[in-house]
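Asker: Can you read through this structure? Questions will come right after.
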Amino acid sequence: METAFQVGSYKTTLINNRRYLGNKYKLLSFITDVVDAECTGVEVIADIFAGTGAVASAFADRRLITNDILYSNYICNFAWFGAQAYEPRKIIELIVYYNALFVDTRNYMTDNFSDTYFSRADCAKIGFIREDIERRCRRGELNRREQAILITSLLYAMDKIALTCGHYDAFRQGAEPDQPLELRVPLAPIENDPHNQCYNEDANNLVKRITADLVYIDPPYNSRQYCDAYHVLENVARWEKPEVFGVGRKMDRRGLKSRYCTRDASAAFETLVKDIRARYILLSYNNMAAKGNARSNAKISDEDILRILSARGKVKVFSADHKAFNAGQSAIRDNAERLFLCVCNKGEG
Ligand SMILES: C[S@@+](CC[C@H](N)C(=O)[O-])C[C@H]1O[C@@H](n2cnc3c(N)ncnc32)[C@H](O)[C@@H]1O
């Protein structure tokens with residue numbers, strides 16, 4: 001990144017510098033090793049439950065398609081992988097400006113979130129910055145990628161100071177912030193592959209319209225809805241200023257609920273897999289089938305996974321120690337992190 005100009009000091013951030021349930025950052029070498037060893041000619045990769053985009057980032061040398069049902073993840077994915085170029089100088093100057101600001105005015109954030117996940121002072125600053133990004137977009141000062149990068153920087157900064165245990169089911173009552181809100185400059189490549197595409201929709205709809213060499217599937221495993229865990233980040237990313245309810249200050253999230261967190265998960269997975277057009281399907285799914293408490297139990301059984309994937313081609317299962325198991329072998333049950341690779345039958349999909 002170009003930094004040979006004087007704008008004041010700033011810190012930078014990388015894609016993995018945030019907390020996110022089920023993110024695969026620590027498993028990247030496991031995933032890339034399996035793809036490198038088992039798949040050939042993979043030029044286009046679709047990460048259709050992309051979350052933070054960590055897995056897509058491991059394949060940034062190829063053409064990427066990313067997708068997530070949450071807009072807050074879409075905006076981060078677009079910041080990191082978007083096909084549009086951006087001017088780093090603009091981002092750096094604004095971040096330095098935002099960090100130096102003292103704001104004490106009322107806004108949507110102070111009215112709705114003061115002294116919950118954030119102090120009133122931090123809410124004033126978050127609300128001001130988010131509004132300022134919109135204002136600058138309306139004036140044509142920022143392109144869509146620059147807007148996404150600035151919002152990403154704000155979301156990452158909020159994550160660092162939120163008075164939570166990493167998700168927004170509840171805040172730590174009476175806790176005091178121990179560090180100020182500080183935006184960092186995301187070190188996003190200035191020019192990504194010009195054919196990269198980022199989507200924000202239900203993966204089951206998207207797969208009907210895209211084609212890739214490999215489709216990576218990392219759905220939620222249990223009944224915990226991501227829109228509940230990250231509603232504040234989603235609210236700030238969307239900036240539609242909805243009414244919020246209850247102690248948790250949650251907005252209406254009906255359109256954001258995932259079928260993969262319900263008893264419908266197997267049926268959703270079955271139609272998804274049927275509709276995928278790719279040579280390889282790679283699934284991450286943990287093995288909490290009926291081991292944890294009811295909330296953490298996996299929604300799709302291993303039997304269903306193997307039956308559904310096998311209908312599309314030959315399936316191999318890998319555990320994080322890189323050992324391959326035969327499909328159906330009981331040992332796979334004892335390995336928490338598994339990858340299911342389906343080499344799709346030729347002429348299908
Ligand atoms: C296990 S996380 C993915 C983590 C990701 N691989 C990473 O490394 O950060 C599952 C993701 O799927 C998203 N999601 C849930 N249901 C979805 C759906 N029907 N379509 C698209 N995305 C969905 C959630 O918002 C969440 O970000």
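Residue numbers start at 1 in each chain; chains themselves are named A, B, ... in the order of the structure tokens; ligands are numbered from 1 in the order shown.
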Residues of segment 89-329 of chain A classed as strand (DSSP E or B) by DSSP on the backbone are to be reported as a list in words.

Answerer: Ser114, Phe118, Val185, Pro186, Gln197, Cys198, Tyr199, Leu214, Val215, Tyr216, Ile217, Phe245, Lys250, Tyr280, Ile281, Leu282, Leu283, Ser284, Tyr285, Asn286, Gly313, Lys314, Val315, Lys316, Val317, Phe318, Ser319, Ala324 and Phe325 of chain A

Asker: Kindly export the residues of the current selection with C-alpha atoms, as a PDB file, in the first residue's frame.

Answerer:
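Below you can see part.pdb, which holds the result:
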```pdb
ATOM      1  CA  SER A 114     -25.766   4.554  25.239  1.00  0.00           C
ATOM      2  CA  PHE A 118     -20.758   0.944  24.227  1.00  0.00           C
ATOM      3  CA  VAL A 185      -6.788   1.207   7.987  1.00  0.00           C
ATOM      4  CA  PRO A 186      -7.801  -2.161   6.459  1.00  0.00           C
ATOM      5  CA  GLN A 197     -18.263 -10.858  -7.168  1.00  0.00           C
ATOM      6  CA  CYS A 198     -19.678 -10.251  -3.688  1.00  0.00           C
ATOM      7  CA  TYR A 199     -23.287 -11.075  -2.839  1.00  0.00           C
ATOM      8  CA  LEU A 214     -15.226 -25.156  -6.238  1.00  0.00           C
ATOM      9  CA  VAL A 215     -18.042 -24.130  -3.927  1.00  0.00           C
ATOM     10  CA  TYR A 216     -17.067 -23.925  -0.251  1.00  0.00           C
ATOM     11  CA  ILE A 217     -19.929 -24.325   2.215  1.00  0.00           C
ATOM     12  CA  PHE A 245     -36.281  -3.607  21.447  1.00  0.00           C
ATOM     13  CA  LYS A 250     -32.233  -5.817  18.990  1.00  0.00           C
ATOM     14  CA  TYR A 280     -16.035 -29.689  -6.353  1.00  0.00           C
ATOM     15  CA  ILE A 281     -18.147 -29.070  -3.263  1.00  0.00           C
ATOM     16  CA  LEU A 282     -16.236 -28.605  -0.016  1.00  0.00           C
ATOM     17  CA  LEU A 283     -18.162 -28.536   3.267  1.00  0.00           C
ATOM     18  CA  SER A 284     -16.956 -27.612   6.758  1.00  0.00           C
ATOM     19  CA  TYR A 285     -19.149 -29.075   9.461  1.00  0.00           C
ATOM     20  CA  ASN A 286     -18.284 -29.869  13.054  1.00  0.00           C
ATOM     21  CA  GLY A 313     -20.365 -37.566  -6.550  1.00  0.00           C
ATOM     22  CA  LYS A 314     -17.598 -39.288  -4.634  1.00  0.00           C
ATOM     23  CA  VAL A 315     -17.164 -38.032  -1.054  1.00  0.00           C
ATOM     24  CA  LYS A 316     -13.999 -37.994   1.052  1.00  0.00           C
ATOM     25  CA  VAL A 317     -13.832 -36.820   4.673  1.00  0.00           C
ATOM     26  CA  PHE A 318     -10.770 -35.152   6.204  1.00  0.00           C
ATOM     27  CA  SER A 319     -10.040 -34.291   9.807  1.00  0.00           C
ATOM     28  CA  ALA A 324      -8.583 -38.912   5.259  1.00  0.00           C
ATOM     29  CA  PHE A 325     -11.360 -41.262   6.397  1.00  0.00           C
TER      30      PHE A 325
END
```

Asker: Check which residues fall inside 9 Å of ligand 1 when counting only C-alpha atoms and all ligand atoms, and print them as number ranges by chain.

Answerer: A: 16, 20-28, 47-56, 67-73, 200-206, 216-221, 225-227, 230, 256-261, 268, 284-285

Asker: At what distance in Å, to one decimal, does atom CA of Arg253 of chain A lie from atom CA of Lys241 of chain A?

Answerer: 13.1 Å

Asker: Per DSSP on the backbone, what are the helix (DSSP H, G or I) residues of segment 216-303 of chain A, as a count of residues only?

Answerer: 34

Asker: Which residues are near Asn235 of chain A? Cut-off 12 Å, only C-alpha atoms, ignore same chain within fewer than 2 positions. Put them as a PyMOL selection string.

Answerer: chain A and resi 70-73+108-109+112-113+126-127+130+151+155+168+227-233+237-244+249-253+256

Asker: Take the residues that were just selected and, keeping N, CA and C atoms, output them as an mmCIF file, in the first residue's frame.

Answerer:
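Final file, part21.cif:
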```cif
data_model
loop_
_atom_site.group_PDB
_atom_site.id
_atom_site.type_symbol
_atom_site.label_atom_id
_atom_site.label_comp_id
_atom_site.auth_asym_id
_atom_site.auth_seq_id
_atom_site.Cartn_x
_atom_site.Cartn_y
_atom_site.Cartn_z
ATOM 1 N N LEU A 70 -25.826 -11.880 5.944
ATOM 2 C CA LEU A 70 -25.723 -10.626 6.707
ATOM 3 C C LEU A 70 -25.056 -9.548 5.863
ATOM 4 N N TYR A 71 -25.684 -8.380 5.845
ATOM 5 C CA TYR A 71 -25.137 -7.254 5.088
ATOM 6 C C TYR A 71 -23.784 -6.823 5.678
ATOM 7 N N SER A 72 -23.644 -6.914 7.010
ATOM 8 C CA SER A 72 -22.387 -6.501 7.652
ATOM 9 C C SER A 72 -21.221 -7.361 7.153
ATOM 10 N N ASN A 73 -21.495 -8.629 6.830
ATOM 11 C CA ASN A 73 -20.426 -9.466 6.282
ATOM 12 C C ASN A 73 -20.207 -9.164 4.802
ATOM 13 N N TYR A 108 -28.569 8.556 16.443
ATOM 14 C CA TYR A 108 -29.273 7.268 16.574
ATOM 15 C C TYR A 108 -28.570 6.350 17.581
ATOM 16 N N MET A 109 -27.242 6.341 17.552
ATOM 17 C CA MET A 109 -26.510 5.434 18.447
ATOM 18 C C MET A 109 -26.627 5.871 19.907
ATOM 19 N N ASN A 112 -30.128 5.098 21.269
ATOM 20 C CA ASN A 112 -30.537 3.697 21.406
ATOM 21 C C ASN A 112 -29.538 2.764 22.082
ATOM 22 N N PHE A 113 -28.282 3.151 22.112
ATOM 23 C CA PHE A 113 -27.276 2.195 22.621
ATOM 24 C C PHE A 113 -26.370 2.744 23.732
ATOM 25 N N ILE A 126 -19.425 6.711 17.153
ATOM 26 C CA ILE A 126 -19.811 5.694 16.155
ATOM 27 C C ILE A 126 -20.912 6.245 15.258
ATOM 28 N N GLY A 127 -21.943 6.852 15.879
ATOM 29 C CA GLY A 127 -23.070 7.386 15.103
ATOM 30 C C GLY A 127 -22.623 8.506 14.172
ATOM 31 N N ARG A 130 -20.551 6.968 11.224
ATOM 32 C CA ARG A 130 -21.371 6.221 10.258
ATOM 33 C C ARG A 130 -22.190 7.180 9.383
ATOM 34 N N ILE A 151 -16.638 1.524 6.388
ATOM 35 C CA ILE A 151 -17.594 0.857 7.287
ATOM 36 C C ILE A 151 -16.919 -0.351 7.945
ATOM 37 N N LEU A 155 -16.619 -1.137 11.866
ATOM 38 C CA LEU A 155 -17.125 -2.376 12.492
ATOM 39 C C LEU A 155 -16.014 -3.088 13.263
ATOM 40 N N TYR A 168 -23.334 -10.186 20.601
ATOM 41 C CA TYR A 168 -24.199 -9.146 21.151
ATOM 42 C C TYR A 168 -25.509 -9.710 21.693
ATOM 43 N N CYS A 227 -27.624 -13.531 13.064
ATOM 44 C CA CYS A 227 -28.226 -12.194 13.116
ATOM 45 C C CYS A 227 -28.523 -11.777 14.561
ATOM 46 N N ASP A 228 -28.680 -12.765 15.467
ATOM 47 C CA ASP A 228 -28.867 -12.426 16.884
ATOM 48 C C ASP A 228 -27.523 -12.068 17.521
ATOM 49 N N ALA A 229 -26.512 -12.815 17.156
ATOM 50 C CA ALA A 229 -25.188 -12.609 17.767
ATOM 51 C C ALA A 229 -24.536 -11.303 17.297
ATOM 52 N N TYR A 230 -24.871 -10.857 16.090
ATOM 53 C CA TYR A 230 -24.174 -9.682 15.523
ATOM 54 C C TYR A 230 -25.134 -8.565 15.113
ATOM 55 N N HIS A 231 -26.297 -8.475 15.787
ATOM 56 C CA HIS A 231 -27.326 -7.503 15.367
ATOM 57 C C HIS A 231 -26.828 -6.063 15.417
ATOM 58 N N VAL A 232 -25.948 -5.724 16.368
ATOM 59 C CA VAL A 232 -25.506 -4.322 16.460
ATOM 60 C C VAL A 232 -24.631 -3.962 15.253
ATOM 61 N N LEU A 233 -23.744 -4.884 14.881
ATOM 62 C CA LEU A 233 -22.877 -4.618 13.714
ATOM 63 C C LEU A 233 -23.729 -4.549 12.445
ATOM 64 N N ALA A 237 -24.004 -1.369 10.054
ATOM 65 C CA ALA A 237 -23.617 -1.529 8.644
ATOM 66 C C ALA A 237 -24.756 -1.077 7.739
ATOM 67 N N ARG A 238 -25.986 -1.488 8.036
ATOM 68 C CA ARG A 238 -27.132 -1.119 7.190
ATOM 69 C C ARG A 238 -27.481 0.359 7.326
ATOM 70 N N TRP A 239 -27.441 0.851 8.537
ATOM 71 C CA TRP A 239 -27.739 2.250 8.859
ATOM 72 C C TRP A 239 -29.116 2.690 8.361
ATOM 73 N N GLU A 240 -30.081 1.816 8.648
ATOM 74 C CA GLU A 240 -31.468 2.168 8.321
ATOM 75 C C GLU A 240 -32.169 2.715 9.556
ATOM 76 N N LYS A 241 -31.470 2.728 10.666
ATOM 77 C CA LYS A 241 -31.928 3.269 11.951
ATOM 78 C C LYS A 241 -33.285 2.708 12.392
ATOM 79 N N PRO A 242 -33.385 1.407 12.491
ATOM 80 C CA PRO A 242 -34.653 0.810 12.910
ATOM 81 C C PRO A 242 -34.899 0.991 14.408
ATOM 82 N N GLU A 243 -36.161 0.783 14.802
ATOM 83 C CA GLU A 243 -36.490 0.746 16.213
ATOM 84 C C GLU A 243 -35.800 -0.483 16.814
ATOM 85 N N VAL A 244 -35.298 -0.365 18.050
ATOM 86 C CA VAL A 244 -34.694 -1.546 18.690
ATOM 87 C C VAL A 244 -35.467 -1.876 19.960
ATOM 88 N N ARG A 249 -31.454 -4.577 22.965
ATOM 89 C CA ARG A 249 -31.562 -3.503 21.942
ATOM 90 C C ARG A 249 -31.486 -4.098 20.518
ATOM 91 N N LYS A 250 -32.263 -5.135 20.304
ATOM 92 C CA LYS A 250 -32.233 -5.817 18.990
ATOM 93 C C LYS A 250 -33.305 -5.257 18.058
ATOM 94 N N MET A 251 -32.957 -5.165 16.797
ATOM 95 C CA MET A 251 -33.920 -4.724 15.782
ATOM 96 C C MET A 251 -34.719 -5.938 15.295
ATOM 97 N N ASP A 252 -35.702 -5.685 14.465
ATOM 98 C CA ASP A 252 -36.455 -6.780 13.849
ATOM 99 C C ASP A 252 -35.509 -7.522 12.892
ATOM 100 N N ARG A 253 -35.339 -8.822 13.117
ATOM 101 C CA ARG A 253 -34.357 -9.572 12.320
ATOM 102 C C ARG A 253 -35.003 -10.698 11.522
ATOM 103 N N LEU A 256 -33.541 -12.066 8.362
ATOM 104 C CA LEU A 256 -32.120 -12.448 8.415
ATOM 105 C C LEU A 256 -31.893 -13.826 9.024
#
```

Asker: I'd like the neighbourhood of Thr13 of chain A as a PyMOL selection string, where a residue qualifies if any of its atoms comes within 12 Å (using only C-alpha atoms), though same-chain residues fewer than 3 positions away should be ignored.

Answerer: chain A and resi 10+16-18+80+149+152-157+160+182-188

Asker: Could you please determine the separation between atom CA of Ile92 of chain A and atom CA of Tyr74 of chain A in Å, to one decimal place?

Answerer: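 Atom CA of Tyr74 of chain A lies at a distance of 21.8 Å from atom CA of Ile92 of chain A.
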
Asker: One decimal, in Å: what's the spacing between atom CA of Arg135 of chain A and atom CA of Asp122 of chain A?

Answerer: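 Between atom CA of Arg135 of chain A and atom CA of Asp122 of chain A the gap is 19.8 Å.
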
Asker: Find the residue from A:Val96, A:Arg139, A:Asp213, A:Val207 that sits nearest to Thr40 of chain A; use only C-alpha atoms when measuring.

Answerer: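 Nearest candidate to Thr40 of chain A out of A:Val96, A:Arg139, A:Asp213, A:Val207: A:Asp213.
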
Asker: Could you list, as number ranges by chain, every residue within 9 Å of Gln84 of chain A, counting only C-alpha atoms and ignoring same-chain residues fewer than 5 positions away?

Answerer: A: 78, 143-145, 190-192, 194

Asker: Quick one: residues within 10 Å of Cys165 of chain A, only C-alpha atoms counted, chain neighbours fewer than 6 positions away excluded, as a list in words?

Answerer: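 Close residues of Cys165 of chain A: Arg19, Phe171 and Arg172 of chain A.
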
Asker: Do a neighbour search on Ala121 of chain A at 9 Å with only C-alpha atoms, toss out local chain neighbours closer than 6 positions, and write the hits as a PDB file with N, CA and C atoms, in the first residue's frame.

Answerer:
```pdb
ATOM      1  N   PHE A 102     -13.504  14.710  18.562  1.00  0.00           N
ATOM      2  CA  PHE A 102     -14.258  14.571  19.799  1.00  0.00           C
ATOM      3  C   PHE A 102     -15.710  14.898  19.454  1.00  0.00           C
ATOM      4  N   VAL A 103     -16.612  13.986  19.705  1.00  0.00           N
ATOM      5  CA  VAL A 103     -18.016  14.202  19.334  1.00  0.00           C
ATOM      6  C   VAL A 103     -18.875  14.062  20.579  1.00  0.00           C
ATOM      7  N   ASP A 104     -19.809  14.975  20.757  1.00  0.00           N
ATOM      8  CA  ASP A 104     -20.688  14.850  21.914  1.00  0.00           C
ATOM      9  C   ASP A 104     -22.155  15.061  21.551  1.00  0.00           C
ATOM     10  N   THR A 110     -26.485   7.178  20.180  1.00  0.00           N
ATOM     11  CA  THR A 110     -26.611   7.619  21.587  1.00  0.00           C
ATOM     12  C   THR A 110     -28.032   7.392  22.081  1.00  0.00           C
ATOM     13  N   SER A 114     -26.640   3.991  24.199  1.00  0.00           N
ATOM     14  CA  SER A 114     -25.766   4.554  25.239  1.00  0.00           C
ATOM     15  C   SER A 114     -25.676   3.629  26.443  1.00  0.00           C
ATOM     16  N   ASP A 115     -24.477   3.410  26.916  1.00  0.00           N
ATOM     17  CA  ASP A 115     -24.228   2.618  28.121  1.00  0.00           C
ATOM     18  C   ASP A 115     -24.827   1.209  28.058  1.00  0.00           C
TER      19      ASP A 115
END
```

Asker: Which residue, A:Ser310, A:Asn77, A:Asn99, A:Asn107, has the smallest gap to Ala148 of chain A when you use only C-alpha atoms?

Answerer: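 Smallest separation from Ala148 of chain A among the options: A:Asn77.
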
Asker: For Leu150 of chain A, which residue out of A:Ile91, A:Asp111, A:Asp132, A:Arg120 is the nearest one, using only C-alpha atoms?

Answerer: A:Ile91
